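Structure below is run.txt: compact mmCIF, C-alpha atoms.
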# COMPACT_ATOMS: atom_id res chain seq x y z
CA MET G 1 11.21 -21.56 -46.40
CA ARG G 2 11.41 -17.84 -45.84
CA ILE G 3 7.88 -17.66 -44.46
CA ILE G 4 8.63 -20.48 -42.00
CA ALA G 5 11.79 -18.68 -40.81
CA ILE G 6 9.90 -15.41 -40.32
CA ALA G 7 7.08 -17.21 -38.46
CA ALA G 8 9.62 -18.94 -36.20
CA ALA G 9 11.29 -15.61 -35.44
CA VAL G 10 7.95 -14.02 -34.56
CA VAL G 11 7.03 -16.94 -32.25
CA ALA G 12 10.45 -16.74 -30.56
CA LEU G 13 10.03 -13.00 -30.02
CA LEU G 14 6.54 -13.49 -28.52
CA ILE G 15 7.80 -16.21 -26.17
CA PHE G 16 10.68 -13.94 -25.09
CA ARG G 17 8.34 -11.01 -24.43
CA LEU G 18 5.83 -13.14 -22.51
CA SER G 19 8.55 -14.65 -20.33
CA THR G 20 10.07 -11.20 -19.73
CA TYR G 21 6.76 -9.87 -18.42
CA ALA G 22 5.69 -12.95 -16.48
CA ALA G 23 3.32 -12.35 -13.61
CA ALA G 24 4.87 -11.65 -10.23
CA PRO G 25 4.71 -14.50 -7.72
CA LYS G 26 1.50 -14.30 -5.71
CA THR G 27 1.22 -15.39 -2.10
CA LEU G 28 -2.16 -15.85 -0.46
CA VAL G 29 -1.81 -14.47 3.06
CA THR G 30 -3.25 -17.19 5.31
CA GLY G 31 -1.45 -16.25 8.54
CA THR G 32 -0.82 -12.80 9.94
CA LEU G 33 -0.33 -9.78 7.79
CA ALA G 34 2.69 -8.82 9.91
CA ALA G 35 4.44 -12.14 9.17
CA ALA G 36 3.71 -11.87 5.45
CA GLY G 37 5.08 -8.31 5.34
CA ALA G 38 8.21 -9.31 7.24
CA ALA G 39 8.93 -12.14 4.78
CA ALA G 40 8.10 -10.21 1.59
CA GLN G 41 10.71 -10.04 -1.17
CA PRO G 42 11.00 -7.68 -4.15
CA GLY G 43 8.35 -8.54 -6.73
CA ASP G 44 6.05 -10.38 -4.32
CA VAL G 45 2.30 -9.85 -4.52
CA LEU G 46 0.69 -10.56 -1.15
CA GLU G 47 -2.97 -11.41 -1.79
CA LEU G 48 -5.24 -10.88 1.21
CA GLN G 49 -8.28 -13.03 1.84
CA ALA G 50 -11.76 -11.62 2.23
CA ARG G 51 -11.72 -11.40 6.03
CA VAL G 52 -10.78 -9.20 8.97
CA TYR G 53 -7.08 -9.17 9.89
CA ASP G 54 -7.25 -8.30 13.59
CA GLU G 55 -3.71 -7.09 14.17
CA ALA G 56 -2.91 -4.13 16.36
CA HIS G 57 0.25 -3.11 14.51
CA VAL G 58 1.83 -4.16 11.22
CA GLU G 59 5.40 -2.87 10.80
CA ILE G 60 6.90 -2.83 7.33
CA THR G 61 10.69 -2.75 7.08
CA ARG G 62 11.33 -4.53 3.78
CA ALA G 63 12.04 -2.82 0.47
CA GLY G 64 11.07 -3.73 -3.03
CA THR G 65 12.81 -2.20 -6.04
CA ALA G 66 11.75 0.13 -8.84
CA ALA G 67 11.50 -2.87 -11.19
CA GLN G 68 9.98 -5.18 -8.55
CA PRO G 69 7.82 -3.41 -5.98
CA ILE G 70 6.14 -5.38 -3.21
CA THR G 71 2.34 -5.34 -3.52
CA LEU G 72 -0.14 -5.87 -0.70
CA ARG G 73 -3.51 -6.40 -2.40
CA GLY G 74 -6.80 -6.89 -0.64
CA ALA G 75 -9.71 -8.88 -2.03
CA GLY G 76 -11.65 -5.60 -2.17
CA VAL G 77 -12.15 -2.55 0.00
CA ALA G 78 -15.13 -3.95 1.90
CA GLN G 79 -13.77 -7.50 1.88
CA SER G 80 -10.20 -7.33 3.25
CA ILE G 81 -10.08 -5.30 6.46
CA LEU G 82 -7.13 -4.56 8.71
CA SER G 83 -8.34 -3.83 12.22
CA GLY G 84 -5.17 -2.05 13.31
CA ARG G 85 -2.45 0.16 11.88
CA ILE G 86 0.45 0.03 9.42
CA THR G 87 3.83 1.70 10.00
CA PHE G 88 6.51 1.92 7.34
CA ARG G 89 9.90 2.00 9.10
CA PRO G 90 13.02 3.75 7.70
CA GLY G 91 14.34 1.83 4.71
CA ALA G 92 10.96 0.57 3.56
CA ALA G 93 10.48 1.41 -0.09
CA TYR G 94 8.64 0.47 -3.27
CA TRP G 95 5.39 -0.79 -1.76
CA ILE G 96 1.93 -0.77 -3.36
CA ILE G 97 -0.98 -1.09 -0.92
CA GLU G 98 -4.35 -1.46 -2.63
CA ASP G 99 -7.94 -2.62 -2.35
CA LEU G 100 -8.39 -2.89 1.40
CA ALA G 101 -9.84 -1.13 4.43
CA VAL G 102 -7.96 0.01 7.53
CA ASP G 103 -10.38 0.35 10.43
CA MET G 104 -9.07 2.09 13.56
CA THR G 105 -12.24 1.59 15.64
CA GLY G 106 -11.23 1.08 19.25
CA GLU G 107 -7.49 1.48 18.58
CA ALA G 108 -5.23 3.68 20.70
CA LYS G 109 -4.41 7.23 19.61
CA GLU G 110 -2.26 6.26 16.64
CA ASP G 111 -2.14 6.98 12.92
CA ALA G 112 -3.83 4.40 10.71
CA ILE G 113 -0.99 4.46 8.16
CA ARG G 114 2.30 6.14 8.97
CA ALA G 115 5.46 6.47 6.87
CA ASN G 116 8.47 7.30 9.03
CA PRO G 117 11.49 9.32 7.81
CA ASP G 118 13.50 7.97 4.87
CA VAL G 119 10.67 5.90 3.45
CA HIS G 120 10.07 6.32 -0.27
CA HIS G 121 8.13 5.13 -3.31
CA LEU G 122 4.80 4.17 -1.77
CA THR G 123 1.47 3.84 -3.53
CA PHE G 124 -1.83 3.78 -1.65
CA ARG G 125 -4.69 2.93 -4.01
CA ARG G 126 -8.40 2.27 -3.40
CA LEU G 127 -8.14 2.21 0.40
CA HIS G 128 -10.90 2.94 2.89
CA VAL G 129 -9.14 4.34 5.97
CA HIS G 130 -11.50 5.28 8.79
CA ASN G 131 -12.56 5.64 12.42
CA GLY G 132 -9.44 6.90 14.17
CA SER G 133 -8.39 9.68 16.47
CA MET G 134 -5.12 10.83 14.85
CA TYR G 135 -4.25 10.75 11.12
CA GLY G 136 -5.60 8.53 8.37
CA ILE G 137 -2.29 8.68 6.47
CA ARG G 138 0.71 10.55 7.92
CA LEU G 139 3.92 11.13 5.98
CA GLU G 140 6.81 12.17 8.22
CA ASN G 141 9.82 14.37 7.37
CA GLY G 142 11.96 12.99 4.56
CA VAL G 143 9.31 10.77 2.98
CA ALA G 144 9.39 10.98 -0.81
CA ASP G 145 7.67 9.75 -3.95
CA VAL G 146 4.21 8.83 -2.69
CA LEU G 147 0.98 8.41 -4.63
CA ILE G 148 -2.35 8.40 -2.76
CA GLU G 149 -5.23 7.81 -5.15
CA GLN G 150 -8.89 6.84 -5.12
CA CYS G 151 -8.90 6.54 -1.32
CA ASP G 152 -11.79 7.22 1.05
CA ILE G 153 -10.33 8.64 4.28
CA GLY G 154 -12.71 9.77 6.97
CA HIS G 155 -13.94 9.94 10.54
CA PHE G 156 -10.64 10.88 12.19
CA VAL G 157 -11.83 12.92 15.14
CA ASN G 158 -10.05 13.95 18.32
CA SER G 159 -11.47 16.76 20.39
CA GLY G 160 -8.80 19.09 21.72
CA THR G 161 -6.04 18.05 19.30
CA ASP G 162 -5.48 17.60 15.59
CA ALA G 163 -6.84 14.69 13.63
CA HIS G 164 -6.59 14.75 9.84
CA GLY G 165 -7.33 12.55 6.87
CA ILE G 166 -3.85 13.11 5.42
CA GLY G 167 -0.94 14.75 7.24
CA LEU G 168 2.17 15.82 5.34
CA GLN G 169 5.30 17.10 7.04
CA VAL G 170 8.45 18.06 5.08
CA VAL G 171 7.99 15.63 2.18
CA SER G 172 8.72 15.64 -1.53
CA ASN G 173 6.94 14.45 -4.65
CA VAL G 174 3.61 13.49 -3.11
CA THR G 175 0.51 13.23 -5.30
CA VAL G 176 -3.03 12.98 -3.90
CA ARG G 177 -5.72 12.47 -6.52
CA GLY G 178 -9.28 11.28 -6.69
CA CYS G 179 -9.56 10.91 -2.91
CA TYR G 180 -12.57 11.59 -0.70
CA LEU G 181 -11.51 13.19 2.61
CA HIS G 182 -14.41 13.73 5.02
CA HIS G 183 -15.52 14.04 8.64
CA ASN G 184 -12.05 14.80 10.02
CA SER G 185 -11.65 17.27 12.88
CA GLY G 186 -8.24 18.80 12.05

Will you turn the file into structure tokens for me?
Amino acid sequence: MRIIAIAAAVVALLIFRLSTYAAAPKTLVTGTLAAAGAAAQPGDVLELQARVYDEAHVEITRAGTAAQPITLRGAGVAQSILSGRITFRPGAAYWIIEDLAVDMTGEAKEDAIRANPDVHHLTFRRLHVHNGSMYGIRLENGVADVLIEQCDIGHFVNSGTDAHGIGLQVVSNVTVRGCYLHHNSG
């Protein structure tokens, strides 16, 4: 009897722990990336397809939470490609962007990824950001708590003015690690 009671308690504990750490809801992005970002809710995982998302500008205004960040996950760096730029507007927070490419070929003089003031808790992981004429990733004044890791950021060239792989203004708690920054003119 005692062994059965202990076994039942262990099974109940395992079920509780598994349900507590259930996988976040995943949404396969079949339409535009901009529409998916605008509809995202805390805890969502937006799964990109292996294709080119030809969108001039994706604006992110939503916020996740510390316990439930919003994740934008590509199918792989060379597989999911945004042909355009991403801007995080004030109030955007707790986003994880990973496993995709941002290609600025032919785009206007804009930053590939830009975090405006009062944006916080962003993670950029395994991105290939390339071929622009301004900044690969620019963090404006007041941006805080950003991790940029394992990113390849290159070929940001603009004769006569600055162009950098990563541009930091007055920011706090920013970590850049394991990145390859190359062929930038700034």

*Contacts of Thr61 of chain G at 8 Å (all atoms listed in the file; same-chain gap of 4+ positions) as a PyMOL selection string*: chain G and resi 38+88-92

*Within 7 Å of Leu122 of chain G using only C-alpha atoms, minus same-chain residues under 5 positions, as a PyMOL selection string*: chain G and resi 93-96+145-147

Only C-alpha atoms, please: the residues just picked out, written as a compact mmCIF listing (two decimals), in the frame of the given file.
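Wrote it out as result36.txt, contents follow:
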# COMPACT_ATOMS: atom_id res chain seq x y z
CA ALA G 93 10.48 1.41 -0.09
CA TYR G 94 8.64 0.47 -3.27
CA TRP G 95 5.39 -0.79 -1.76
CA ILE G 96 1.93 -0.77 -3.36
CA ASP G 145 7.67 9.75 -3.95
CA VAL G 146 4.21 8.83 -2.69
CA LEU G 147 0.98 8.41 -4.63

_Distance in Å - atom CA of Thr27 of chain G versus atom CA of Asp44 of chain G_ = 7.3 Å

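With atom CA of Glu98 of chain G on one side and atom CA of Val157 of chain G on the other, the separation reads 24.1 Å.
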
*Which of these, G:Glu149, G:Asp99, G:Asp162, G:Glu59, has the shortest distance to Ala39 of chain G once you count all atoms listed in the file?*
G:Glu59

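Summary of the local environment: counting only C-alpha atoms, residues at most 7 Å from Ser133 of chain G, other than itself and those fewer than 3 positions away along its chain, are Lys109, Phe156, Val157, Asn158 and Ala163 of chain G.
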
*Excluding segment 46-48 of chain G and residues on its chain fewer than 2 positions from it, collect all residues at most 9 Å away from it, counting only C-alpha atoms, and give them as a PyMOL selection string.*
chain G and resi 25-30+33+36-37+40+44+50-51+70-76+80+100

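Between atom CA of Arg114 of chain G and atom CA of Gly132 of chain G the separation is 12.9 Å.
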
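Nearest to Asp111 of chain G of all the residues G:Ile97, G:Ala56, G:Leu127, G:Ala67 is G:Ala56, counting all atoms listed in the file.
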
Segment 84-87 of chain G environment, 10 Å, only C-alpha atoms, sequence neighbours closer than 3 positions dropped, as a tab-separated table (two decimals) with C-alpha atoms, in the frame of the given file:
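Final file, out-v6.tsv:
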chain	number	residue	atom	x	y	z
G	33	LEU	CA	-0.33	-9.78	7.79
G	34	ALA	CA	2.69	-8.82	9.91
G	53	TYR	CA	-7.08	-9.17	9.89
G	54	ASP	CA	-7.25	-8.30	13.59
G	55	GLU	CA	-3.71	-7.09	14.17
G	56	ALA	CA	-2.91	-4.13	16.36
G	57	HIS	CA	0.25	-3.11	14.51
G	58	VAL	CA	1.83	-4.16	11.22
G	59	GLU	CA	5.40	-2.87	10.80
G	60	ILE	CA	6.90	-2.83	7.33
G	61	THR	CA	10.69	-2.75	7.08
G	81	ILE	CA	-10.08	-5.30	6.46
G	90	PRO	CA	13.02	3.75	7.70
G	92	ALA	CA	10.96	0.57	3.56
G	102	VAL	CA	-7.96	0.01	7.53
G	103	ASP	CA	-10.38	0.35	10.43
G	104	MET	CA	-9.07	2.09	13.56
G	105	THR	CA	-12.24	1.59	15.64
G	106	GLY	CA	-11.23	1.08	19.25
G	107	GLU	CA	-7.49	1.48	18.58
G	108	ALA	CA	-5.23	3.68	20.70
G	110	GLU	CA	-2.26	6.26	16.64
G	111	ASP	CA	-2.14	6.98	12.92
G	112	ALA	CA	-3.83	4.40	10.71
G	113	ILE	CA	-0.99	4.46	8.16
G	114	ARG	CA	2.30	6.14	8.97
G	115	ALA	CA	5.46	6.47	6.87
G	116	ASN	CA	8.47	7.30	9.03
G	129	VAL	CA	-9.14	4.34	5.97
G	132	GLY	CA	-9.44	6.90	14.17
G	136	GLY	CA	-5.60	8.53	8.37
G	137	ILE	CA	-2.29	8.68	6.47
G	138	ARG	CA	0.71	10.55	7.92

_Residue among G:Val52, G:Leu139, G:Leu82, G:Val45 lying closest to Ile166 of chain G, counting only C-alpha atoms_ =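 Among G:Val52, G:Leu139, G:Leu82, G:Val45, it is G:Leu139 that comes nearest to Ile166 of chain G.
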
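Each of G:Ser172, G:Asn141, G:Asn131, G:Thr123 was checked against His155 of chain G using only C-alpha atoms; the smallest atom-to-atom distance is that of G:Asn131.
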
*Pick the closest to Tyr135 of chain G from G:Ala101, G:Cys179, G:Ala63, G:Leu168: which is it, counting all atoms listed in the file?*
G:Leu168

*With all atoms listed in the file as the atoms that count, which of G:Ile153, G:Ala78, G:Met134, G:Ala35 lies nearest to Gly186 of chain G?*
G:Met134

Pull the neighbourhood of (-9.4, 9.4, -0.6) for me: all residues within 6 Å in file coordinates, counting all atoms listed in the file, as a PDB file with C-alpha atoms, in the coordinates of the input.
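Wrote selection.pdb, looks like this:
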ATOM      1  CA  GLN G 150      -8.890   6.840  -5.120  1.00  0.00           C
ATOM      2  CA  CYS G 151      -8.900   6.540  -1.320  1.00  0.00           C
ATOM      3  CA  ASP G 152     -11.790   7.220   1.050  1.00  0.00           C
ATOM      4  CA  ILE G 153     -10.330   8.640   4.280  1.00  0.00           C
ATOM      5  CA  CYS G 179      -9.560  10.910  -2.910  1.00  0.00           C
ATOM      6  CA  TYR G 180     -12.570  11.590  -0.700  1.00  0.00           C
ATOM      7  CA  LEU G 181     -11.510  13.190   2.610  1.00  0.00           C
TER       8      LEU G 181
END
